[in-house]
Amino acid sequence: MKICVVGSGYVGLVTGCCFAEIGNHVVCADLDRDKIDGLNDGVLPIFEPGLDDMAKRNVAQKRLTFSADPKASIQGVDVIFVAVGTPSRSDGGAHLGYVDDVAKMVAEHLAKEVVLVLKSTVPVGTNKRVRNIVKNSAHPVHVVSNPEFLKEGDAVNDFMRPDRIVVGVHDRDEHSRGVMTRLYHPVCLNVEKIVWMNPESAELTKYVANTMLAMRISFMNEVAGLCEKVGADVHSVRHGVGSDSSEYMNQLPEFYVRIGSKFLYSGPGYGGSCFPKDVTALVHTGRDHDVEIDLAVATDRVNQRQKGILVRKLRKHLGDLRGRKIAVWGIAFKPKTDDIRESPAIGLIDRVIADGGQVSAHDPIAGENAAAKYKGQINIVKDEYSAAEGVDALVLVTEWRQYQSPDFEMLKETMAQPLIIDGRNIWSTYLLKELGFEYEGVGTIGN
């Protein structure tokens with residue numbers, strides 16, 4: 001099939017590259033000419049494992065192209081994916097201006113019948129809003145809601161081996177059903193993965209899914225705080241809770257587990273481009289319809305408080321941070337991505353700077369993005385041990401694999417004070433106190 005993906009950010013690039021990988025002819029279009037020039041030179045604007053090689057392979061095989069002219073790119077295609085940004089407004093709602101712009105462009109310049117797929121994360125009612133924009137187009141435009149469920153760091157695998165594919169279509173729109181079934185058939189060969197529903201349900205599903213995952217994180221962060229007060233260990237609590245299942249767990253597949261262990265890890269709060277934005281958008285959607293979603297409100301409130309936990313622990317041990325040197329390991333909001341949006345590390349660094357402290361930071365992938373953000377305000381180094389030279393404390397924020405078993409003897413010799421704040425609890429069983437460190441995790445007994 002011939003596909004145009006409008007918007008060449010994270011979602012658009014993964015979507016375009018993966019559809020090309022399974023045999024379609026795809027053009028990824030974006031008004032950002034610098035971005036398109038970079039893509040045509042083989043430079044991706046994001047880091048995502050496996051995506052760079054996939055893009056180069058499909059460009060070489062002439063199934064994937066990049067264009068800075070969306071109007072020309074939509075001509076003659078069967079499907080147009082809308083993958084533009086929907087950033088949060090000041091009131092927590094989603095800004096839909098870019099979605100509207102694409103819909104207007106399609107309505108004015110379309111040359112044949114097309115399926116217009118909303119891949120961007122959008123609030124309930126957007127499908128209807130877009131249909132109103134394109135209703136007077138010279139050719140039929142079938143508007144479909146197909147929210148993405150891609151985890152940064154594992155997005156290619158999520159696309160090629162999806163848990164589910166949520167598709168919202170209107171009753172009696174058999175054309176859209178046929179196109180979407182054909183489109184996703186290559187990733188549904190063994191099991192039917194498409195979950196059909198109406199557009200409103202599809203739009204809401206994305207927000208609810210991310211809010212529920214965020215809720216688990218916030219809940220366990222509150223539990224971690226209680227563990228620190230009563231002498232419990234959050235690792236043990238998580239293991240006990242996450243092992244809960246039906247009495248026939250050993251005979252049933254994993255999806256029958258009643259609670260499970262995923263998203264039950266305490267830490268410095270969730271970040272990234274999805275959870276914070278989607279939780280607040282769900283709250284805003286509820287309020288627009290006179291429904292107060294109290295659990296979502298509490299989830300966001302807990303997360304905002306949790307983002308300050310690491311600097312509070314630093315102050316607890318060091319007192320005034322003015323003049324103190326702090327090492328930060330990990331700047332991306334999670335491993336295997338260069339995304340620093342809403343990262344707990346950014347909140348920590350900003351607070352240390354505001355307190356008059358100095359920051360030396362390392363991240364194996366996201367260092368360049370952090371350097372662009374801070375413009376010399378912090379020292380970003382290429383070696384994690386260099387970041388720890390002469391510091392008063394080391395704070396682990398992002399659990400990159402290379403940090404999981406460091407040379408603690410070297411660290412002790414390098415640091416001015418052997419204080420470790422472990423924001424991910426990955427060193428809680430390493431007997432660091434016996435090595436002469438002062439250690440604190442999040443909700444752990446420690447040593």
# chains A, B, ... in the order shown; residues from 1 in each chain; ligands from 1
>>> select_by_dssp(residues="region 80-218 of chain A", states="strand (DSSP E)", output="MDAnalysis selection string")
chainID A and resid 80:82 114:118 141:145 165:168 194:197
>>> write_last_selection(atoms="all heavy atoms", output="compact mmCIF listing (two decimals), in the first residue's frame")
# COMPACT_ATOMS: atom_id res chain seq x y z
N ILE A 80 -3.29 8.05 4.97
CA ILE A 80 -2.51 9.15 5.55
C ILE A 80 -2.56 9.01 7.07
O ILE A 80 -3.63 8.97 7.66
CB ILE A 80 -3.08 10.52 5.16
CG1 ILE A 80 -3.08 10.70 3.63
CG2 ILE A 80 -2.29 11.65 5.82
CD1 ILE A 80 -3.84 11.92 3.16
N PHE A 81 -1.39 8.90 7.68
CA PHE A 81 -1.31 8.85 9.13
C PHE A 81 -0.99 10.24 9.66
O PHE A 81 -0.05 10.90 9.17
CB PHE A 81 -0.23 7.87 9.59
CG PHE A 81 -0.67 6.44 9.60
CD1 PHE A 81 -0.51 5.65 8.47
CD2 PHE A 81 -1.24 5.88 10.73
CE1 PHE A 81 -0.92 4.34 8.47
CE2 PHE A 81 -1.65 4.56 10.74
CZ PHE A 81 -1.49 3.78 9.60
N VAL A 82 -1.73 10.68 10.66
CA VAL A 82 -1.47 11.95 11.32
C VAL A 82 -0.67 11.65 12.59
O VAL A 82 -1.18 11.04 13.52
CB VAL A 82 -2.77 12.68 11.68
CG1 VAL A 82 -2.46 14.02 12.35
CG2 VAL A 82 -3.63 12.89 10.44
N VAL A 114 -9.35 8.45 0.46
CA VAL A 114 -8.25 8.10 1.35
C VAL A 114 -8.78 7.78 2.74
O VAL A 114 -9.87 8.24 3.13
CB VAL A 114 -7.22 9.26 1.42
CG1 VAL A 114 -7.78 10.42 2.25
CG2 VAL A 114 -5.89 8.80 1.97
N VAL A 115 -8.00 6.97 3.47
CA VAL A 115 -8.26 6.75 4.89
C VAL A 115 -7.31 7.63 5.68
O VAL A 115 -6.08 7.54 5.50
CB VAL A 115 -8.07 5.27 5.27
CG1 VAL A 115 -8.21 5.09 6.79
CG2 VAL A 115 -9.08 4.40 4.55
N LEU A 116 -7.85 8.51 6.49
CA LEU A 116 -7.06 9.43 7.31
C LEU A 116 -7.02 8.88 8.74
O LEU A 116 -8.04 8.84 9.42
CB LEU A 116 -7.69 10.83 7.28
CG LEU A 116 -6.96 11.93 8.06
CD1 LEU A 116 -5.57 12.18 7.48
CD2 LEU A 116 -7.80 13.22 8.05
N VAL A 117 -5.85 8.46 9.17
CA VAL A 117 -5.70 7.75 10.45
C VAL A 117 -5.09 8.67 11.48
O VAL A 117 -3.98 9.20 11.29
CB VAL A 117 -4.83 6.50 10.28
CG1 VAL A 117 -4.76 5.73 11.60
CG2 VAL A 117 -5.36 5.60 9.18
N LEU A 118 -5.78 8.87 12.59
CA LEU A 118 -5.26 9.70 13.68
C LEU A 118 -4.39 8.82 14.57
O LEU A 118 -4.89 8.06 15.40
CB LEU A 118 -6.41 10.31 14.48
CG LEU A 118 -7.39 11.18 13.67
CD1 LEU A 118 -8.48 11.73 14.57
CD2 LEU A 118 -6.66 12.31 12.96
N VAL A 141 -13.10 11.10 2.53
CA VAL A 141 -12.05 10.96 3.55
C VAL A 141 -12.64 10.16 4.70
O VAL A 141 -13.58 10.62 5.37
CB VAL A 141 -11.55 12.32 4.05
CG1 VAL A 141 -10.46 12.12 5.11
CG2 VAL A 141 -11.02 13.16 2.90
N HIS A 142 -12.12 8.97 4.93
CA HIS A 142 -12.57 8.11 6.02
C HIS A 142 -11.64 8.34 7.22
O HIS A 142 -10.44 8.05 7.14
CB HIS A 142 -12.52 6.64 5.60
CG HIS A 142 -13.29 6.34 4.35
ND1 HIS A 142 -14.59 5.88 4.36
CD2 HIS A 142 -12.93 6.45 3.04
CE1 HIS A 142 -14.98 5.69 3.12
NE2 HIS A 142 -14.01 6.04 2.30
N VAL A 143 -12.18 8.86 8.30
CA VAL A 143 -11.36 9.21 9.46
C VAL A 143 -11.39 8.07 10.47
O VAL A 143 -12.46 7.65 10.93
CB VAL A 143 -11.83 10.52 10.11
CG1 VAL A 143 -10.88 10.91 11.25
CG2 VAL A 143 -11.91 11.64 9.08
N VAL A 144 -10.21 7.58 10.83
CA VAL A 144 -10.04 6.43 11.72
C VAL A 144 -9.17 6.85 12.91
O VAL A 144 -8.23 7.62 12.75
CB VAL A 144 -9.38 5.25 10.98
CG1 VAL A 144 -9.04 4.12 11.94
CG2 VAL A 144 -10.30 4.75 9.87
N SER A 145 -9.49 6.34 14.09
CA SER A 145 -8.66 6.57 15.27
C SER A 145 -7.83 5.31 15.54
O SER A 145 -8.40 4.22 15.69
CB SER A 145 -9.53 6.91 16.48
OG SER A 145 -10.20 8.13 16.28
N ILE A 165 -3.85 -3.83 18.73
CA ILE A 165 -3.92 -2.70 17.80
C ILE A 165 -5.32 -2.13 17.93
O ILE A 165 -6.30 -2.74 17.50
CB ILE A 165 -3.65 -3.14 16.35
CG1 ILE A 165 -2.27 -3.80 16.24
CG2 ILE A 165 -3.77 -1.96 15.40
CD1 ILE A 165 -2.07 -4.58 14.96
N VAL A 166 -5.43 -1.00 18.57
CA VAL A 166 -6.73 -0.38 18.81
C VAL A 166 -7.13 0.44 17.59
O VAL A 166 -6.39 1.33 17.16
CB VAL A 166 -6.69 0.51 20.07
CG1 VAL A 166 -7.99 1.30 20.21
CG2 VAL A 166 -6.44 -0.35 21.31
N VAL A 167 -8.28 0.13 17.02
CA VAL A 167 -8.76 0.84 15.83
C VAL A 167 -10.20 1.28 16.06
O VAL A 167 -11.09 0.46 16.30
CB VAL A 167 -8.69 -0.05 14.57
CG1 VAL A 167 -9.20 0.72 13.35
CG2 VAL A 167 -7.26 -0.54 14.33
N GLY A 168 -10.42 2.58 15.97
CA GLY A 168 -11.75 3.15 16.11
C GLY A 168 -12.32 3.55 14.77
O GLY A 168 -11.76 4.43 14.10
N ILE A 194 -6.17 -6.86 16.21
CA ILE A 194 -6.97 -5.64 16.11
C ILE A 194 -8.16 -5.70 17.06
O ILE A 194 -8.91 -6.67 17.07
CB ILE A 194 -7.44 -5.40 14.68
CG1 ILE A 194 -6.25 -5.19 13.74
CG2 ILE A 194 -8.35 -4.17 14.61
CD1 ILE A 194 -6.62 -4.94 12.30
N VAL A 195 -8.28 -4.65 17.87
CA VAL A 195 -9.43 -4.49 18.76
C VAL A 195 -10.30 -3.38 18.17
O VAL A 195 -9.93 -2.20 18.20
CB VAL A 195 -8.99 -4.13 20.19
CG1 VAL A 195 -10.20 -4.03 21.11
CG2 VAL A 195 -7.99 -5.15 20.72
N TRP A 196 -11.43 -3.76 17.61
CA TRP A 196 -12.31 -2.79 16.94
C TRP A 196 -13.22 -2.10 17.96
O TRP A 196 -13.73 -2.74 18.89
CB TRP A 196 -13.16 -3.48 15.88
CG TRP A 196 -12.38 -4.14 14.79
CD1 TRP A 196 -12.09 -5.46 14.68
CD2 TRP A 196 -11.80 -3.50 13.65
NE1 TRP A 196 -11.35 -5.69 13.55
CE2 TRP A 196 -11.17 -4.51 12.89
CE3 TRP A 196 -11.76 -2.18 13.19
CZ2 TRP A 196 -10.49 -4.25 11.69
CZ3 TRP A 196 -11.10 -1.92 12.01
CH2 TRP A 196 -10.47 -2.93 11.27
N MET A 197 -13.44 -0.84 17.76
CA MET A 197 -14.35 -0.07 18.64
C MET A 197 -14.73 1.21 17.92
O MET A 197 -14.25 1.47 16.80
CB MET A 197 -13.66 0.23 19.98
CG MET A 197 -12.33 0.95 19.87
SD MET A 197 -11.46 1.09 21.47
CE MET A 197 -10.93 -0.58 21.75
>>> select_by_dssp(residues="region 117-189 of chain A", states="helix (DSSP H, G or I)", output="PyMOL selection string")
chain A and resi 126-134+155-160+174-187
>>> residues_around(residues="Lys56 (chain A)", least_positions_apart="2", cutoff="10 Å", atoms="only C-alpha atoms", output="short mmCIF file (atom, residue, chain, number, x, y, z; two decimals) with C-alpha atoms, in the first residue's frame")
data_model
loop_
_atom_site.label_atom_id
_atom_site.label_comp_id
_atom_site.auth_asym_id
_atom_site.auth_seq_id
_atom_site.Cartn_x
_atom_site.Cartn_y
_atom_site.Cartn_z
CA CYS A 17 9.83 2.87 9.08
CA LEU A 39 16.77 12.27 7.47
CA ASN A 40 17.71 12.37 3.79
CA ASP A 41 21.35 12.44 4.92
CA GLY A 42 20.75 9.36 7.07
CA VAL A 43 20.58 11.17 10.42
CA LEU A 44 17.58 10.37 12.63
CA LEU A 51 15.30 2.19 14.03
CA ASP A 52 18.40 3.66 12.40
CA ASP A 53 19.28 0.43 10.61
CA MET A 54 15.66 -0.13 9.60
CA ASN A 58 14.21 0.73 3.59
CA VAL A 59 15.58 3.92 2.07
CA ALA A 60 18.11 1.80 0.17
CA GLN A 61 15.32 -0.50 -1.03
CA LYS A 62 13.29 2.56 -2.12
CA LEU A 64 10.90 4.80 2.41
#
>>> residues_around(residues="Asp278 (chain A)", least_positions_apart="2", cutoff="7 Å", atoms="only C-alpha atoms", output="list in words")
Tyr207, Asn210, Thr211, Cys274, Phe275, Pro276, Thr280, Ala281 and Leu282 of chain A
>>> write_last_selection(atoms="N, CA and C atoms", output="mmCIF file, in the first residue's frame")
data_model
loop_
_atom_site.group_PDB
_atom_site.id
_atom_site.type_symbol
_atom_site.label_atom_id
_atom_site.label_comp_id
_atom_site.auth_asym_id
_atom_site.auth_seq_id
_atom_site.Cartn_x
_atom_site.Cartn_y
_atom_site.Cartn_z
ATOM 1 N N TYR A 207 -5.570 7.211 26.689
ATOM 2 C CA TYR A 207 -5.409 7.972 27.922
ATOM 3 C C TYR A 207 -5.593 7.094 29.155
ATOM 4 N N ASN A 210 -2.458 4.638 29.712
ATOM 5 C CA ASN A 210 -1.280 5.289 30.273
ATOM 6 C C ASN A 210 -1.517 5.790 31.690
ATOM 7 N N THR A 211 -2.727 6.264 31.965
ATOM 8 C CA THR A 211 -3.025 6.728 33.317
ATOM 9 C C THR A 211 -3.022 5.565 34.302
ATOM 10 N N CYS A 274 4.744 10.896 27.408
ATOM 11 C CA CYS A 274 3.390 10.327 27.390
ATOM 12 C C CYS A 274 2.681 10.389 28.731
ATOM 13 N N PHE A 275 3.224 9.740 29.748
ATOM 14 C CA PHE A 275 2.493 9.623 31.011
ATOM 15 C C PHE A 275 2.092 10.980 31.590
ATOM 16 N N PRO A 276 3.011 11.925 31.774
ATOM 17 C CA PRO A 276 2.595 13.199 32.375
ATOM 18 C C PRO A 276 1.517 13.904 31.555
ATOM 19 N N THR A 280 -2.736 14.291 32.693
ATOM 20 C CA THR A 280 -3.384 15.604 32.820
ATOM 21 C C THR A 280 -4.458 15.791 31.753
ATOM 22 N N ALA A 281 -4.241 15.218 30.562
ATOM 23 C CA ALA A 281 -5.262 15.334 29.514
ATOM 24 C C ALA A 281 -6.523 14.570 29.879
ATOM 25 N N LEU A 282 -6.362 13.409 30.531
ATOM 26 C CA LEU A 282 -7.543 12.656 30.968
ATOM 27 C C LEU A 282 -8.315 13.434 32.022
#
>>> residues_around(residues="Ile309 (chain A)", least_positions_apart="2", cutoff="10 Å", atoms="only C-alpha atoms", output="VMD selection string")
chain A and resid 225 267 to 269 304 to 307 311 to 315 344 348 423 442
>>> closest_residue(among="A:Leu295, A:Val279, A:Leu318, A:Leu213", to="Lys262 (chain A)", atoms="only C-alpha atoms")
A:Leu213
>>> closest_atom_pairs(of="region 22-94 of chain A", to="region 155-164 of chain A", cutoff="9 Å", atoms="only C-alpha atoms", output="JSON lines")
{"residue": "A:Ile22", "atom": "CA", "partner": "A:Met160", "partner_atom": "CA", "distance": 8.9}
{"residue": "A:Glu48", "atom": "CA", "partner": "A:Ala155", "partner_atom": "CA", "distance": 7.3}
{"residue": "A:Pro49", "atom": "CA", "partner": "A:Val156", "partner_atom": "CA", "distance": 7.6}
{"residue": "A:Gly50", "atom": "CA", "partner": "A:Val156", "partner_atom": "CA", "distance": 6.9}
{"residue": "A:Leu51", "atom": "CA", "partner": "A:Val156", "partner_atom": "CA", "distance": 6.8}
>>> write_last_selection(atoms="N, CA, C and O atoms", output="compact mmCIF listing (two decimals), in the first residue's frame")
# COMPACT_ATOMS: atom_id res chain seq x y z
N ILE A 22 7.56 -3.81 6.35
CA ILE A 22 6.69 -4.94 5.99
C ILE A 22 6.16 -4.82 4.56
O ILE A 22 5.20 -5.50 4.19
N GLU A 48 16.38 5.41 18.92
CA GLU A 48 15.48 4.29 19.22
C GLU A 48 16.16 3.02 18.72
O GLU A 48 16.49 2.91 17.52
N PRO A 49 16.43 2.06 19.59
CA PRO A 49 17.16 0.85 19.19
C PRO A 49 16.55 0.19 17.96
O PRO A 49 15.35 -0.09 17.91
N GLY A 50 17.38 -0.06 16.96
CA GLY A 50 16.96 -0.76 15.75
C GLY A 50 16.37 0.11 14.67
O GLY A 50 16.25 -0.32 13.51
N LEU A 51 16.00 1.35 15.00
CA LEU A 51 15.30 2.19 14.03
C LEU A 51 16.25 2.74 12.96
O LEU A 51 15.87 2.84 11.78
>>> closest_residue(among="A:His284, A:Ile3, A:Arg341, A:His185", to="Arg89 (chain A)", atoms="only C-alpha atoms")
A:His284
>>> closest_residue(among="A:Ile46, A:Ala298, A:Val26, A:Val102", to="Phe66 (chain A)", atoms="only C-alpha atoms")
A:Val26
>>> atom_distance(atom1="CA of Lys433 (chain A)", atom2="CA of Ile420 (chain A)")
10.1 Å
>>> residues_around(residues="Asn136 (chain A)", least_positions_apart="5", cutoff="10 Å", atoms="only C-alpha atoms", output="PyMOL selection string")
chain A and resi 107-108+131+141
>>> residues_around(residues="Gly16 (chain A)", least_positions_apart="5", cutoff="10 Å", atoms="only C-alpha atoms", output="PyMOL selection string")
chain A and resi 3-8+11+21+24-29+55+63-66+81+83
